[in-house]
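Enquirer: Coordinates in model-v4.cif, mmCIF, C-alpha atoms, are listed below.
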```cif
data_my_file
#
loop_
_atom_site.group_PDB
_atom_site.id
_atom_site.type_symbol
_atom_site.label_atom_id
_atom_site.label_comp_id
_atom_site.auth_asym_id
_atom_site.auth_seq_id
_atom_site.Cartn_x
_atom_site.Cartn_y
_atom_site.Cartn_z
ATOM 1 C CA ILE L 1245 0.000 0.000 0.000
ATOM 2 C CA ALA L 1246 1.472 3.329 -1.058
ATOM 3 C CA GLY L 1247 2.035 5.919 1.598
ATOM 4 C CA ILE L 1248 4.393 7.273 4.205
ATOM 5 C CA THR L 1249 6.082 5.123 6.805
ATOM 6 C CA GLN L 1250 7.556 6.550 9.975
ATOM 7 C CA ALA L 1251 9.766 4.689 12.415
ATOM 8 C CA PRO L 1252 9.838 4.178 15.291
ATOM 9 C CA THR L 1253 6.193 4.621 16.292
ATOM 10 C CA SER L 1254 7.275 5.639 19.764
ATOM 11 C CA GLN L 1255 10.500 6.060 21.680
ATOM 12 C CA ILE L 1256 11.675 7.028 25.133
ATOM 13 C CA LEU L 1257 15.082 8.638 25.053
ATOM 14 C CA ALA L 1258 17.518 9.935 27.651
ATOM 15 C CA ALA L 1259 18.455 13.595 27.374
ATOM 16 C CA GLY L 1260 21.725 14.152 25.561
ATOM 17 C CA ARG L 1261 21.331 11.142 23.290
ATOM 18 C CA ARG L 1262 21.313 11.315 19.514
ATOM 19 C CA MET L 1263 18.186 10.104 17.739
ATOM 20 C CA THR L 1264 17.141 9.759 14.111
ATOM 21 C CA LEU L 1265 13.497 9.539 13.152
ATOM 22 C CA ARG L 1266 12.960 7.780 9.856
ATOM 23 C CA CYS L 1267 10.491 8.703 7.139
ATOM 24 C CA THR L 1268 10.030 6.891 3.836
ATOM 25 C CA GLN L 1269 7.447 7.457 1.127
ATOM 26 C CA ASP L 1270 6.783 5.383 -1.967
ATOM 27 C CA MET L 1271 4.575 7.846 -3.833
ATOM 28 C CA ARG L 1272 7.489 9.497 -5.665
ATOM 29 C CA HIS L 1273 6.538 12.805 -4.101
ATOM 30 C CA ASN L 1274 9.053 15.593 -4.609
ATOM 31 C CA ALA L 1275 8.353 17.541 -1.424
ATOM 32 C CA MET L 1276 8.676 16.274 2.144
ATOM 33 C CA TYR L 1277 8.190 17.878 5.540
ATOM 34 C CA TRP L 1278 8.730 17.324 9.244
ATOM 35 C CA TYR L 1279 6.318 18.739 11.828
ATOM 36 C CA ARG L 1280 6.057 18.531 15.571
ATOM 37 C CA GLN L 1281 2.713 18.611 17.322
ATOM 38 C CA ASP L 1282 2.382 19.754 20.910
ATOM 39 C CA LEU L 1283 -0.827 20.131 22.875
ATOM 40 C CA GLY L 1284 -2.428 23.494 22.175
ATOM 41 C CA LEU L 1285 0.155 24.478 19.595
ATOM 42 C CA GLY L 1286 -1.021 22.605 16.530
ATOM 43 C CA LEU L 1287 1.456 21.443 13.906
ATOM 44 C CA ARG L 1288 4.684 23.378 13.547
ATOM 45 C CA LEU L 1289 7.057 22.920 10.641
ATOM 46 C CA ILE L 1290 10.597 21.902 11.579
ATOM 47 C CA HIS L 1291 12.305 21.377 8.216
ATOM 48 C CA TYR L 1292 11.203 20.764 4.674
ATOM 49 C CA SER L 1293 12.565 19.643 1.323
ATOM 50 C CA ASN L 1294 11.012 20.704 -1.972
ATOM 51 C CA THR L 1295 13.064 18.188 -3.954
ATOM 52 C CA ALA L 1296 15.792 15.631 -3.431
ATOM 53 C CA GLY L 1297 19.099 17.285 -2.584
ATOM 54 C CA THR L 1298 17.577 20.451 -1.096
ATOM 55 C CA THR L 1299 16.326 21.278 2.393
ATOM 56 C CA GLY L 1300 15.015 24.339 4.172
ATOM 57 C CA LYS L 1301 14.223 25.545 7.672
ATOM 58 C CA GLY L 1302 10.695 25.810 8.993
ATOM 59 C CA GLU L 1303 9.295 27.587 12.044
ATOM 60 C CA VAL L 1304 11.169 25.611 14.721
ATOM 61 C CA PRO L 1305 14.402 24.195 13.235
ATOM 62 C CA ASP L 1306 16.749 24.619 16.225
ATOM 63 C CA GLY L 1307 18.098 21.340 17.579
ATOM 64 C CA TYR L 1308 17.084 19.383 14.473
ATOM 65 C CA SER L 1309 18.759 18.497 11.200
ATOM 66 C CA VAL L 1310 17.546 16.744 8.056
ATOM 67 C CA SER L 1311 18.955 15.308 4.864
ATOM 68 C CA ARG L 1312 17.370 14.407 1.526
ATOM 69 C CA ALA L 1313 19.766 12.148 -0.299
ATOM 70 C CA ASN L 1314 17.025 10.632 -2.468
ATOM 71 C CA THR L 1315 13.345 11.115 -3.272
ATOM 72 C CA ASP L 1316 11.981 8.522 -0.866
ATOM 73 C CA ASP L 1317 13.742 9.168 2.440
ATOM 74 C CA PHE L 1318 13.753 12.196 4.716
ATOM 75 C CA PRO L 1319 15.307 11.415 8.127
ATOM 76 C CA LEU L 1320 15.127 13.864 11.029
ATOM 77 C CA THR L 1321 18.008 13.883 13.509
ATOM 78 C CA LEU L 1322 18.129 15.233 17.046
ATOM 79 C CA ALA L 1323 21.834 15.632 17.688
ATOM 80 C CA SER L 1324 21.538 15.940 21.472
ATOM 81 C CA ALA L 1325 17.977 15.474 22.702
ATOM 82 C CA VAL L 1326 16.497 17.803 25.310
ATOM 83 C CA PRO L 1327 13.232 17.386 27.271
ATOM 84 C CA SER L 1328 11.580 20.254 25.342
ATOM 85 C CA GLN L 1329 11.797 18.071 22.256
ATOM 86 C CA THR L 1330 9.258 15.695 23.771
ATOM 87 C CA SER L 1331 6.498 15.757 21.173
ATOM 88 C CA VAL L 1332 4.696 13.878 18.448
ATOM 89 C CA TYR L 1333 6.575 14.118 15.168
ATOM 90 C CA PHE L 1334 4.806 13.862 11.827
ATOM 91 C CA CYS L 1335 6.415 13.414 8.458
ATOM 92 C CA ALA L 1336 4.469 14.491 5.375
ATOM 93 C CA SER L 1337 4.941 14.570 1.629
ATOM 94 C CA SER L 1338 3.317 16.178 -1.383
ATOM 95 C CA ARG L 1339 3.690 15.657 -5.106
ATOM 96 C CA GLU L 1340 4.962 19.207 -5.455
ATOM 97 C CA ALA L 1341 5.502 21.959 -2.895
ATOM 98 C CA ASN L 1342 2.082 23.560 -3.444
ATOM 99 C CA GLN L 1343 0.032 20.337 -3.411
ATOM 100 C CA PRO L 1344 -1.966 18.734 -0.566
ATOM 101 C CA GLN L 1345 0.184 17.001 1.979
ATOM 102 C CA HIS L 1346 -0.047 13.342 2.996
ATOM 103 C CA PHE L 1347 0.980 12.546 6.556
ATOM 104 C CA GLY L 1348 2.533 9.546 8.246
ATOM 105 C CA ASP L 1349 1.149 8.103 11.477
ATOM 106 C CA GLY L 1350 3.652 9.944 13.649
ATOM 107 C CA THR L 1351 6.420 9.142 16.105
ATOM 108 C CA ARG L 1352 5.740 9.742 19.781
ATOM 109 C CA LEU L 1353 9.020 10.807 21.363
ATOM 110 C CA SER L 1354 9.630 11.313 25.067
ATOM 111 C CA ILE L 1355 12.904 12.805 26.268
ATOM 112 C CA LEU L 1356 13.680 12.180 29.923
ATOM 113 C CA GLY R 1092 4.867 36.384 9.572
ATOM 114 C CA GLN R 1093 1.729 34.332 9.517
ATOM 115 C CA SER R 1094 -0.851 33.677 12.223
ATOM 116 C CA LEU R 1095 -4.188 31.906 12.236
ATOM 117 C CA GLU R 1096 -7.052 31.873 14.696
ATOM 118 C CA GLN R 1097 -9.736 29.253 15.030
ATOM 119 C CA PRO R 1098 -11.967 28.228 17.959
ATOM 120 C CA SER R 1099 -10.447 25.622 20.234
ATOM 121 C CA GLU R 1100 -13.637 23.595 20.670
ATOM 122 C CA VAL R 1101 -17.017 23.181 19.005
ATOM 123 C CA THR R 1102 -19.833 20.844 20.023
ATOM 124 C CA ALA R 1103 -22.772 19.830 17.845
ATOM 125 C CA VAL R 1104 -25.362 17.077 17.609
ATOM 126 C CA GLU R 1105 -25.603 14.301 15.093
ATOM 127 C CA GLY R 1106 -27.368 15.369 11.898
ATOM 128 C CA ALA R 1107 -26.733 19.060 12.481
ATOM 129 C CA ILE R 1108 -24.599 21.553 10.537
ATOM 130 C CA VAL R 1109 -21.495 23.092 12.050
ATOM 131 C CA GLN R 1110 -19.202 25.855 10.847
ATOM 132 C CA ILE R 1111 -15.566 26.173 11.938
ATOM 133 C CA ASN R 1112 -14.123 29.609 11.305
ATOM 134 C CA CYS R 1113 -10.551 30.572 10.592
ATOM 135 C CA THR R 1114 -9.084 34.065 10.384
ATOM 136 C CA TYR R 1115 -5.553 34.670 9.280
ATOM 137 C CA GLN R 1116 -2.888 37.339 9.095
ATOM 138 C CA THR R 1117 -0.264 36.849 6.434
ATOM 139 C CA SER R 1118 2.388 38.841 4.667
ATOM 140 C CA GLY R 1119 1.470 36.945 1.501
ATOM 141 C CA PHE R 1120 -1.359 34.561 0.753
ATOM 142 C CA TYR R 1121 -1.271 31.415 -1.319
ATOM 143 C CA GLY R 1122 -4.448 29.636 -0.300
ATOM 144 C CA LEU R 1123 -6.259 28.198 2.712
ATOM 145 C CA SER R 1124 -6.332 24.473 3.406
ATOM 146 C CA TRP R 1125 -8.227 22.311 5.889
ATOM 147 C CA TYR R 1126 -7.034 19.099 7.488
ATOM 148 C CA GLN R 1127 -8.777 16.593 9.749
ATOM 149 C CA GLN R 1128 -7.107 14.625 12.522
ATOM 150 C CA HIS R 1129 -8.685 11.787 14.499
ATOM 151 C CA ASP R 1130 -7.385 11.002 17.989
ATOM 152 C CA GLY R 1131 -3.859 12.261 17.346
ATOM 153 C CA GLY R 1132 -3.447 10.152 14.222
ATOM 154 C CA ALA R 1133 -2.235 11.188 10.795
ATOM 155 C CA PRO R 1134 -3.816 14.468 9.633
ATOM 156 C CA THR R 1135 -5.677 14.081 6.348
ATOM 157 C CA PHE R 1136 -6.316 16.719 3.702
ATOM 158 C CA LEU R 1137 -9.925 17.882 3.348
ATOM 159 C CA SER R 1138 -10.036 20.911 1.074
ATOM 160 C CA TYR R 1139 -8.205 23.851 -0.452
ATOM 161 C CA ASN R 1140 -9.381 27.345 -1.407
ATOM 162 C CA GLY R 1141 -7.089 29.429 -3.561
ATOM 163 C CA LEU R 1142 -9.766 31.855 -4.717
ATOM 164 C CA ASP R 1143 -12.800 33.437 -3.054
ATOM 165 C CA GLY R 1144 -15.916 31.372 -2.821
ATOM 166 C CA LEU R 1145 -17.206 27.992 -1.822
ATOM 167 C CA GLU R 1146 -15.659 24.607 -2.550
ATOM 168 C CA GLU R 1147 -17.879 21.587 -1.953
ATOM 169 C CA THR R 1148 -16.824 18.000 -1.415
ATOM 170 C CA GLY R 1149 -19.690 15.798 -0.319
ATOM 171 C CA ARG R 1150 -20.845 16.762 3.167
ATOM 172 C CA PHE R 1151 -17.920 19.156 3.601
ATOM 173 C CA SER R 1152 -17.634 22.642 2.127
ATOM 174 C CA SER R 1153 -14.972 25.280 2.567
ATOM 175 C CA PHE R 1154 -15.296 29.000 1.996
ATOM 176 C CA LEU R 1155 -12.745 31.750 1.535
ATOM 177 C CA SER R 1156 -12.951 35.541 1.533
ATOM 178 C CA ARG R 1157 -9.517 36.977 0.818
ATOM 179 C CA SER R 1158 -10.664 40.563 1.409
ATOM 180 C CA ASP R 1159 -11.734 39.597 4.954
ATOM 181 C CA SER R 1160 -8.771 37.229 5.563
ATOM 182 C CA TYR R 1161 -11.378 34.711 6.609
ATOM 183 C CA GLY R 1162 -12.465 31.223 5.779
ATOM 184 C CA TYR R 1163 -14.619 28.486 7.204
ATOM 185 C CA LEU R 1164 -15.209 24.781 7.003
ATOM 186 C CA LEU R 1165 -18.842 23.707 6.901
ATOM 187 C CA LEU R 1166 -19.794 20.184 7.869
ATOM 188 C CA GLN R 1167 -23.327 19.055 7.077
ATOM 189 C CA GLU R 1168 -25.343 16.040 8.246
ATOM 190 C CA LEU R 1169 -22.909 15.516 11.069
ATOM 191 C CA GLN R 1170 -21.999 11.966 11.966
ATOM 192 C CA MET R 1171 -20.310 10.624 15.090
ATOM 193 C CA LYS R 1172 -17.242 9.811 13.015
ATOM 194 C CA ASP R 1173 -16.804 13.532 12.304
ATOM 195 C CA SER R 1174 -15.621 13.987 15.878
ATOM 196 C CA ALA R 1175 -12.020 15.030 15.316
ATOM 197 C CA SER R 1176 -9.695 18.012 15.298
ATOM 198 C CA TYR R 1177 -9.838 20.331 12.301
ATOM 199 C CA PHE R 1178 -6.931 22.535 11.291
ATOM 200 C CA CYS R 1179 -6.852 25.439 8.896
ATOM 201 C CA ALA R 1180 -3.519 26.189 7.260
ATOM 202 C CA VAL R 1181 -2.135 28.894 5.002
ATOM 203 C CA ARG R 1182 0.743 28.625 2.580
ATOM 204 C CA ASP R 1183 3.909 30.485 3.385
ATOM 205 C CA LEU R 1184 5.377 33.048 0.994
ATOM 206 C CA GLY R 1185 7.560 30.286 -0.387
ATOM 207 C CA GLY R 1186 4.427 28.584 -1.671
ATOM 208 C CA GLY R 1187 5.052 25.141 -0.255
ATOM 209 C CA LYS R 1188 5.294 25.498 3.480
ATOM 210 C CA LEU R 1189 2.076 25.318 5.467
ATOM 211 C CA ILE R 1190 1.435 27.312 8.628
ATOM 212 C CA PHE R 1191 -1.231 25.585 10.718
ATOM 213 C CA GLY R 1192 -3.758 26.985 13.132
ATOM 214 C CA GLN R 1193 -3.959 25.476 16.582
ATOM 215 C CA GLY R 1194 -6.919 23.296 15.654
ATOM 216 C CA THR R 1195 -10.605 23.060 16.546
ATOM 217 C CA GLU R 1196 -11.764 19.988 18.400
ATOM 218 C CA LEU R 1197 -15.221 19.029 17.173
ATOM 219 C CA SER R 1198 -17.364 16.834 19.390
ATOM 220 C CA VAL R 1199 -20.462 15.328 17.827
ATOM 221 C CA LYS R 1200 -23.069 14.219 20.355
ATOM 222 C CA PRO R 1201 -25.926 11.761 19.773
#
```
Represent the structure from my file as structure tokens, please.

Expert:
Amino acid sequence: IAGITQAPTSQILAAGRRMTLRCTQDMRHNAMYWYRQDLGLGLRLIHYSNTAGTTGKGEVPDGYSVSRANTDDFPLTLASAVPSQTSVYFCASSREANQPQHFGDGTRLSIL
Amino acid sequence: GQSLEQPSEVTAVEGAIVQINCTYQTSGFYGLSWYQQHDGGAPTFLSYNGLDGLEETGRFSSFLSRSDSYGYLLLQELQMKDSASYFCAVRDLGGGKLIFGQGTELSVKP
């Protein structure tokens, strides 16, 4: 079934550890996005990529990095996790940058 | 910058009609979108308005007035399964990035 796969589905992590959240899509979408969702704050864009090989910063990029080596994969890395990064992380993709976005099921991350 | 306002909660009864409003402030405007999210799951795209007027998709309609920086999502013949959070979102100046509102939690009662 075509779509977006995120891994892991949930994770508990000690502060200071490095963590990579994985996102893979098989729809050949050019654009991909990472959001975090916190209670009362809706979805906030962390980083995005309009096409393979390019990335850009969203609203809340600090403490996060991304790469887009190919069309399908868009991993999000927390270099040194902090408790304020406890959140639900959603990956999304769209055929082009101005098209409707399709979301993965999310990764629930707790930093202790 | 961009900011959006929508009510935090709305309650309605099964079979009724409900309207969820969204006002926005943007330095550039490239369309208003609506997304639905059930129980913290994956948000799903509902509708997009790039021009003024009403867009209808089945029981759901979305309206936009660019002169008023205002839009709404209209849900008709409400069903229990419509209980969810609804987010409006505007496109950033760059055209691709979405800025989301904080979401409206809709509760449909029997």

Enquirer: Could you give me, as JSON lines, a per-residue list for segment 1257-1297 of chain L showing, wherever an atom lies at most 8 Å from an atom of segment 1325-1343 of chain L, the closest pair of atoms and their distance in Å to one decimal, using only C-alpha atoms and sorting by chain then residue number from low to high?

Expert:
```
{"residue": "L:Leu1257", "atom": "CA", "partner": "L:Ala1325", "partner_atom": "CA", "distance": 7.8}
{"residue": "L:Ala1258", "atom": "CA", "partner": "L:Ala1325", "partner_atom": "CA", "distance": 7.4}
{"residue": "L:Ala1259", "atom": "CA", "partner": "L:Ala1325", "partner_atom": "CA", "distance": 5.1}
{"residue": "L:Gly1260", "atom": "CA", "partner": "L:Ala1325", "partner_atom": "CA", "distance": 4.9}
{"residue": "L:Arg1261", "atom": "CA", "partner": "L:Ala1325", "partner_atom": "CA", "distance": 5.5}
{"residue": "L:Arg1262", "atom": "CA", "partner": "L:Ala1325", "partner_atom": "CA", "distance": 6.2}
{"residue": "L:Met1263", "atom": "CA", "partner": "L:Ala1325", "partner_atom": "CA", "distance": 7.3}
{"residue": "L:Cys1267", "atom": "CA", "partner": "L:Cys1335", "partner_atom": "CA", "distance": 6.4}
{"residue": "L:Gln1269", "atom": "CA", "partner": "L:Ser1337", "partner_atom": "CA", "distance": 7.6}
{"residue": "L:Met1271", "atom": "CA", "partner": "L:Arg1339", "partner_atom": "CA", "distance": 8.0}
{"residue": "L:Arg1272", "atom": "CA", "partner": "L:Arg1339", "partner_atom": "CA", "distance": 7.3}
{"residue": "L:His1273", "atom": "CA", "partner": "L:Arg1339", "partner_atom": "CA", "distance": 4.2}
{"residue": "L:Asn1274", "atom": "CA", "partner": "L:Arg1339", "partner_atom": "CA", "distance": 5.4}
{"residue": "L:Ala1275", "atom": "CA", "partner": "L:Ser1338", "partner_atom": "CA", "distance": 5.2}
{"residue": "L:Met1276", "atom": "CA", "partner": "L:Ser1337", "partner_atom": "CA", "distance": 4.1}
{"residue": "L:Tyr1277", "atom": "CA", "partner": "L:Ala1336", "partner_atom": "CA", "distance": 5.0}
{"residue": "L:Trp1278", "atom": "CA", "partner": "L:Cys1335", "partner_atom": "CA", "distance": 4.6}
{"residue": "L:Tyr1279", "atom": "CA", "partner": "L:Phe1334", "partner_atom": "CA", "distance": 5.1}
{"residue": "L:Arg1280", "atom": "CA", "partner": "L:Tyr1333", "partner_atom": "CA", "distance": 4.5}
{"residue": "L:Gln1281", "atom": "CA", "partner": "L:Val1332", "partner_atom": "CA", "distance": 5.3}
{"residue": "L:Asp1282", "atom": "CA", "partner": "L:Ser1331", "partner_atom": "CA", "distance": 5.7}
{"residue": "L:Asn1294", "atom": "CA", "partner": "L:Ala1341", "partner_atom": "CA", "distance": 5.7}
```

Enquirer: Give me the residues within 9 Å of Pro1305 of chain L as a ChimeraX atom specification, counting all atoms listed in the file and dropping any in the same chain fewer than 2 places off.

Expert: /L:1289-1291,1301-1303,1307-1309

Enquirer: Please enumerate the residues selected by the PyMOL selection byres ((chain L and resi 1252) around 8) when evaluated against the supplied file, formatted as a list in words.

Expert: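 This file, filtered by the PyMOL selection byres ((chain L and resi 1252) around 8), leaves Gln1250, Ala1251, Thr1253, Ser1254, Gln1255, Leu1265, Arg1266 and Thr1351 of chain L.
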
Enquirer: Neighbouring residues of segment 1106-1121 of chain R were defined as those with any atom within 7 Å, considering all atoms listed in the file; residues of the same chain fewer than 6 positions away were excluded. Please report them as a list of chain:residue names.

Expert: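 Result of the neighbour search: R:Gly1092, R:Gln1093, R:Ser1094, R:Leu1095, R:Glu1096, R:Gln1097, R:Gly1141, R:Ser1160, R:Tyr1161, R:Gly1162, R:Tyr1163, R:Leu1164, R:Leu1165, R:Leu1166, R:Gln1167, R:Glu1168, R:Leu1169, R:Gln1170, R:Cys1179, R:Val1181, R:Arg1182, R:Leu1184, R:Gly1186.
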
Enquirer: With the file shown as input, list the residues that the PyMOL selection byres ((chain R) within 9 of (chain L)) selects, as a list of chain:residue names.

Expert: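 This file, filtered by the PyMOL selection byres ((chain R) within 9 of (chain L)), leaves R:Ser1099, R:Tyr1121, R:Ser1124, R:Gly1131, R:Gly1132, R:Ala1133, R:Pro1134, R:Thr1135, R:Phe1136, R:Leu1137, R:Ser1138, R:Tyr1139, R:Phe1178, R:Arg1182, R:Gly1185, R:Gly1186, R:Gly1187, R:Lys1188, R:Leu1189, R:Ile1190, R:Phe1191, R:Gly1192, R:Gln1193, R:Gly1194.
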
Enquirer: Write a file of the just-selected residues containing C-alpha atoms, as a PDB file, keeping the file's coordinate frame.

Expert:
```pdb
ATOM      1  CA  SER R1099     -10.447  25.622  20.234  1.00  0.00           C
ATOM      2  CA  TYR R1121      -1.271  31.415  -1.319  1.00  0.00           C
ATOM      3  CA  SER R1124      -6.332  24.473   3.406  1.00  0.00           C
ATOM      4  CA  GLY R1131      -3.859  12.261  17.346  1.00  0.00           C
ATOM      5  CA  GLY R1132      -3.447  10.152  14.222  1.00  0.00           C
ATOM      6  CA  ALA R1133      -2.235  11.188  10.795  1.00  0.00           C
ATOM      7  CA  PRO R1134      -3.816  14.468   9.633  1.00  0.00           C
ATOM      8  CA  THR R1135      -5.677  14.081   6.348  1.00  0.00           C
ATOM      9  CA  PHE R1136      -6.316  16.719   3.702  1.00  0.00           C
ATOM     10  CA  LEU R1137      -9.925  17.882   3.348  1.00  0.00           C
ATOM     11  CA  SER R1138     -10.036  20.911   1.074  1.00  0.00           C
ATOM     12  CA  TYR R1139      -8.205  23.851  -0.452  1.00  0.00           C
ATOM     13  CA  PHE R1178      -6.931  22.535  11.291  1.00  0.00           C
ATOM     14  CA  ARG R1182       0.743  28.625   2.580  1.00  0.00           C
ATOM     15  CA  GLY R1185       7.560  30.286  -0.387  1.00  0.00           C
ATOM     16  CA  GLY R1186       4.427  28.584  -1.671  1.00  0.00           C
ATOM     17  CA  GLY R1187       5.052  25.141  -0.255  1.00  0.00           C
ATOM     18  CA  LYS R1188       5.294  25.498   3.480  1.00  0.00           C
ATOM     19  CA  LEU R1189       2.076  25.318   5.467  1.00  0.00           C
ATOM     20  CA  ILE R1190       1.435  27.312   8.628  1.00  0.00           C
ATOM     21  CA  PHE R1191      -1.231  25.585  10.718  1.00  0.00           C
ATOM     22  CA  GLY R1192      -3.758  26.985  13.132  1.00  0.00           C
ATOM     23  CA  GLN R1193      -3.959  25.476  16.582  1.00  0.00           C
ATOM     24  CA  GLY R1194      -6.919  23.296  15.654  1.00  0.00           C
TER      25      GLY R1194
END
```

Enquirer: Output the residue selection produced by the PyMOL selection byres ((chain R and resi 1128) around 6) on the file above, formatted as a ChimeraX atom specification.

Expert: /R:1127,1129,1134,1175-1176

Enquirer: Figure out the distance between atom CA of Thr1195 of chain R and atom CA of Ala1180 of chain R, please, to one decimal in Å.

Expert: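 Rounded to one decimal, the two atoms are 12.1 Å apart.
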
Enquirer: Atom CA of Arg1352 of chain L to atom CA of Thr1264 of chain L: how many Å, to one decimal?

Expert: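 About the pair atom CA of Arg1352 of chain L and atom CA of Thr1264 of chain L: they are 12.7 Å apart.
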
Enquirer: Go ahead and compute the interatomic distance for atom CA of Pro1098 of chain R and atom CA of Pro1201 of chain R, in Å to one decimal.

Expert: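 According to the coordinates, atom CA of Pro1098 of chain R and atom CA of Pro1201 of chain R are separated by 21.7 Å.
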